[in-house]
There are 2 protein chains.
Amino acid sequence: MMTPDALGDSPILEQCREKGLKVTGQRRVIAHVLSEADDHPDVEELYRRAIVIDPKISVATVYRTVRLFEERGILQRRNFGSGRARYEATDHGQHYHLIDANSGRVEEFHDDELDALLQKIAARMGYDLITTRLEIYGRGVKKRT
Amino acid sequence: MMTPDALGDSPILEQCREKGLKVTGQRRVIAHVLSEADDHPDVEELYRRAIVIDPKISVATVYRTVRLFEERGILQRRNFGSGRARYEATDHGQHYHLIDANSGRVEEFHDDELDALLQKIAARMGYDLITTRLEIYGRGVKKRT
DNA sequence: ATAAGTGCAAATGTTTTGCAGCTAC
DNA sequence: GTAGCTGCAAAACATTTGCACTTAT
């Protein structure tokens with residue numbers, strides 16, 4: 001095992017500190033794992049990655065932490081079909097998801113035109129856009145030989 | 001109580017029949033409730049509405065029915081944040097959701113430009129678009145006096 | 001006749017919580 | 001010192017399922 005304090009301050013941990021939350025060993029580990037992740041892990045997966053660094057963290061703490069971080073706007077919860085909630089860092093920036101219907105693989109993408117259009121639609125309907133959630137389900141186009 | 005057979009064949013029941021599923025009293029009721037609904041009820045709510053018509057339907061059957069209907073493409077499952085899955089008829093057509101962040105109220109909308117753009121994005125990324133799921137969270141713009 | 005559907009209650013899977021003991025501030 | 005965290009195990013939810021019985025076709 002590796003002691004949590006050996007980890008530097010990840011971007012997410014910084015936010016945790018800024019929001020006045022206590023910086024504990026567990027949070028340092030969980031924040032680290034989340035900052036490293038370039039996928040969309042669920043709690044079980046976060047837990048698995050966390051206990052590699054510090055085996056005495058409990059799942060309950062992982063649940064409590066992601067919930068708290070989500071309430072504080074540090075994380076975003078996603079729901080891609082399966083029973084479990086998945087998380088990703090808010091500071092990864094606004095983006096959308098394209099999900100391969102065959103493999104379940106999730107690709108992130110950005111699109112300025114889309115940003116603008118959604119903004120416009122919200123305004124037209126009388127709302128200030130706070131956030132959006134978009135998933136495109138697609139099937140990979142076969143290349144012809 | 002009112003006997004289920006007193007209900008006519010709702011559009012959803014028709015689809016049920018077309019797909020070769022058996023037409024039972026329970027399915028007639030559940031299909032009816034779904035066809036009537038212009039909101040996005042969860043299972044508990046569907047159950048509540050169903051037992052008004054026929055009190056001997058069980059929740060398990062409602063769960064089994066919405067699951068089956070979803071697999072057969074008759075219903076779509078949605079996930080607006082709360083713990084429970086919500087359902088709406090596929091034949092309501094392709095549309096998007098705008099959710100009032102204050103009240104939680106869900107408004108449906110259509111937008112051709114958006115349809116086209118999403119289509120284009122999927123293609124650019126090498127996919128045939130199967131379906132999309134879009135939720136805009138917004139805050140109602142205050143009218144000035 | 002028989003494959004499919006149902007009700008009930010028990011099982012499952014995910015997430016939350018009460019409580020007593022720690023710990024960052 | 002104390003408000004805030006944590007671990008553990010139990011509880012709370014949402015959903016699924018095994019089984020024996022019923023029903024649509």
# chains A, B, ... in the order shown; residues from 1 in each chain; ligands from 1

$ interface_residues --of "chain C" --to "chain A" --cutoff "10 Å" --atoms "only C-alpha atoms (C1' of nucleotides)" --output "list in words"
DG13, DT14, DT15, DT16, DT17, DT23, DA24 and DC25 of chain C

$ closest_atom_pairs --of "chain D" --to "chain A" --cutoff "10 Å" --atoms "only C-alpha atoms (C1' of nucleotides)" --output "Markdown table"
| residue | atom | partner | partner_atom | distance |
| --- | --- | --- | --- | --- |
| D:DG4 | C1' | A:Lys22 | CA | 7.5 |
| D:DC5 | C1' | A:Thr24 | CA | 7.9 |
| D:DT6 | C1' | A:Thr61 | CA | 6.9 |
| D:DG7 | C1' | A:Ser58 | CA | 6.6 |
| D:DC8 | C1' | A:Ser58 | CA | 8.9 |
| D:DA14 | C1' | A:Gly83 | CA | 9.9 |
| D:DT15 | C1' | A:Gly83 | CA | 9.7 |

$ interface_residues --of "chain A" --to "chain B" --cutoff "12 Å" --atoms "only C-alpha atoms" --output "MDAnalysis selection string"
chainID A and resid 76:85 96:102 107:143

$ select_by_dssp --residues "chain A" --states "strand (DSSP E)" --output "JSON, numbers by chain"
{"A": [75, 76, 77, 78, 86, 87, 88, 89, 96, 97, 98, 99, 100, 106, 107, 108, 109, 127, 128, 129, 130, 131, 132, 133, 134, 135, 136, 137, 138, 139, 140]}

$ atom_distance --atom1 "CA of Arg67 in chain A" --atom2 "C1' of DT16 in chain D"
26.2 Å

$ select_by_dssp --residues "chain A" --states "helix (DSSP H, G or I)" --output "number ranges by chain"
A: 4-6, 11-18, 25-36, 43-53, 59-71, 90-92, 112-124

$ atom_distance --atom1 "CA of Arg28 in chain B" --atom2 "CA of Asp42 in chain B"
17.8 Å

$ closest_residue --among "B:Asp91, B:Arg72, B:Arg48, B:Lys19" --to "Ser35 in chain B" --atoms "only C-alpha atoms"
B:Asp91

$ residues_around --residues "DA20 in chain D" --least-positions-apart "6" --cutoff "12 Å" --atoms "only C-alpha atoms (C1' of nucleotides)" --output "PDB file with all heavy atoms, in the first residue's frame"
ATOM      1  P    DT C   6     -49.559 -10.315 -18.070  1.00  0.00           P
ATOM      2  OP1  DT C   6     -50.661  -9.348 -18.216  1.00  0.00           O
ATOM      3  OP2  DT C   6     -48.151  -9.885 -18.101  1.00  0.00           O
ATOM      4  O5'  DT C   6     -49.802 -11.142 -16.737  1.00  0.00           O
ATOM      5  C5'  DT C   6     -51.141 -11.482 -16.371  1.00  0.00           C
ATOM      6  C4'  DT C   6     -51.145 -12.057 -14.963  1.00  0.00           C
ATOM      7  O4'  DT C   6     -50.319 -13.240 -14.952  1.00  0.00           O
ATOM      8  C3'  DT C   6     -50.567 -11.103 -13.907  1.00  0.00           C
ATOM      9  O3'  DT C   6     -51.601 -10.799 -12.990  1.00  0.00           O
ATOM     10  C2'  DT C   6     -49.428 -11.895 -13.272  1.00  0.00           C
ATOM     11  C1'  DT C   6     -49.679 -13.328 -13.707  1.00  0.00           C
ATOM     12  N1   DT C   6     -48.452 -14.145 -13.945  1.00  0.00           N
ATOM     13  C2   DT C   6     -48.278 -15.288 -13.207  1.00  0.00           C
ATOM     14  O2   DT C   6     -49.075 -15.667 -12.368  1.00  0.00           O
ATOM     15  N3   DT C   6     -47.133 -15.974 -13.496  1.00  0.00           N
ATOM     16  C4   DT C   6     -46.161 -15.642 -14.422  1.00  0.00           C
ATOM     17  O4   DT C   6     -45.172 -16.350 -14.587  1.00  0.00           O
ATOM     18  C5   DT C   6     -46.408 -14.431 -15.157  1.00  0.00           C
ATOM     19  C7   DT C   6     -45.427 -13.970 -16.189  1.00  0.00           C
ATOM     20  C6   DT C   6     -47.528 -13.747 -14.891  1.00  0.00           C
ATOM     21  P    DG C   7     -51.431  -9.603 -12.011  1.00  0.00           P
ATOM     22  OP1  DG C   7     -52.681  -8.815 -12.064  1.00  0.00           O
ATOM     23  OP2  DG C   7     -50.140  -8.948 -12.259  1.00  0.00           O
ATOM     24  O5'  DG C   7     -51.343 -10.339 -10.601  1.00  0.00           O
ATOM     25  C5'  DG C   7     -52.222 -11.404 -10.279  1.00  0.00           C
ATOM     26  C4'  DG C   7     -51.760 -12.049  -8.982  1.00  0.00           C
ATOM     27  O4'  DG C   7     -50.692 -12.983  -9.285  1.00  0.00           O
ATOM     28  C3'  DG C   7     -51.203 -11.073  -7.958  1.00  0.00           C
ATOM     29  O3'  DG C   7     -51.747 -11.433  -6.683  1.00  0.00           O
ATOM     30  C2'  DG C   7     -49.691 -11.276  -8.019  1.00  0.00           C
ATOM     31  C1'  DG C   7     -49.553 -12.713  -8.490  1.00  0.00           C
ATOM     32  N9   DG C   7     -48.393 -12.967  -9.338  1.00  0.00           N
ATOM     33  C8   DG C   7     -47.887 -12.149 -10.317  1.00  0.00           C
ATOM     34  N7   DG C   7     -46.856 -12.645 -10.936  1.00  0.00           N
ATOM     35  C5   DG C   7     -46.658 -13.890 -10.344  1.00  0.00           C
ATOM     36  C6   DG C   7     -45.683 -14.892 -10.597  1.00  0.00           C
ATOM     37  O6   DG C   7     -44.772 -14.873 -11.427  1.00  0.00           O
ATOM     38  N1   DG C   7     -45.835 -15.988  -9.749  1.00  0.00           N
ATOM     39  C2   DG C   7     -46.811 -16.100  -8.794  1.00  0.00           C
ATOM     40  N2   DG C   7     -46.808 -17.224  -8.078  1.00  0.00           N
ATOM     41  N3   DG C   7     -47.734 -15.174  -8.547  1.00  0.00           N
ATOM     42  C4   DG C   7     -47.599 -14.099  -9.347  1.00  0.00           C
ATOM     43  P    DC C   8     -51.634 -10.552  -5.416  1.00  0.00           P
ATOM     44  OP1  DC C   8     -52.911 -10.681  -4.696  1.00  0.00           O
ATOM     45  OP2  DC C   8     -51.129  -9.221  -5.823  1.00  0.00           O
ATOM     46  O5'  DC C   8     -50.505 -11.294  -4.566  1.00  0.00           O
ATOM     47  C5'  DC C   8     -50.639 -12.695  -4.294  1.00  0.00           C
ATOM     48  C4'  DC C   8     -49.300 -13.254  -3.855  1.00  0.00           C
ATOM     49  O4'  DC C   8     -48.453 -13.438  -5.003  1.00  0.00           O
ATOM     50  C3'  DC C   8     -48.525 -12.324  -2.912  1.00  0.00           C
ATOM     51  O3'  DC C   8     -48.465 -12.905  -1.615  1.00  0.00           O
ATOM     52  C2'  DC C   8     -47.142 -12.199  -3.540  1.00  0.00           C
ATOM     53  C1'  DC C   8     -47.119 -13.308  -4.577  1.00  0.00           C
ATOM     54  N1   DC C   8     -46.309 -12.981  -5.762  1.00  0.00           N
ATOM     55  C2   DC C   8     -45.409 -13.923  -6.262  1.00  0.00           C
ATOM     56  O2   DC C   8     -45.322 -15.014  -5.695  1.00  0.00           O
ATOM     57  N3   DC C   8     -44.662 -13.619  -7.347  1.00  0.00           N
ATOM     58  C4   DC C   8     -44.780 -12.426  -7.930  1.00  0.00           C
ATOM     59  N4   DC C   8     -44.024 -12.167  -8.997  1.00  0.00           N
ATOM     60  C5   DC C   8     -45.686 -11.432  -7.437  1.00  0.00           C
ATOM     61  C6   DC C   8     -46.425 -11.748  -6.362  1.00  0.00           C
TER      62       DC C   8
END

$ atom_distance --atom1 "CA of Tyr87 in chain B" --atom2 "CA of Leu75 in chain B"
6.4 Å
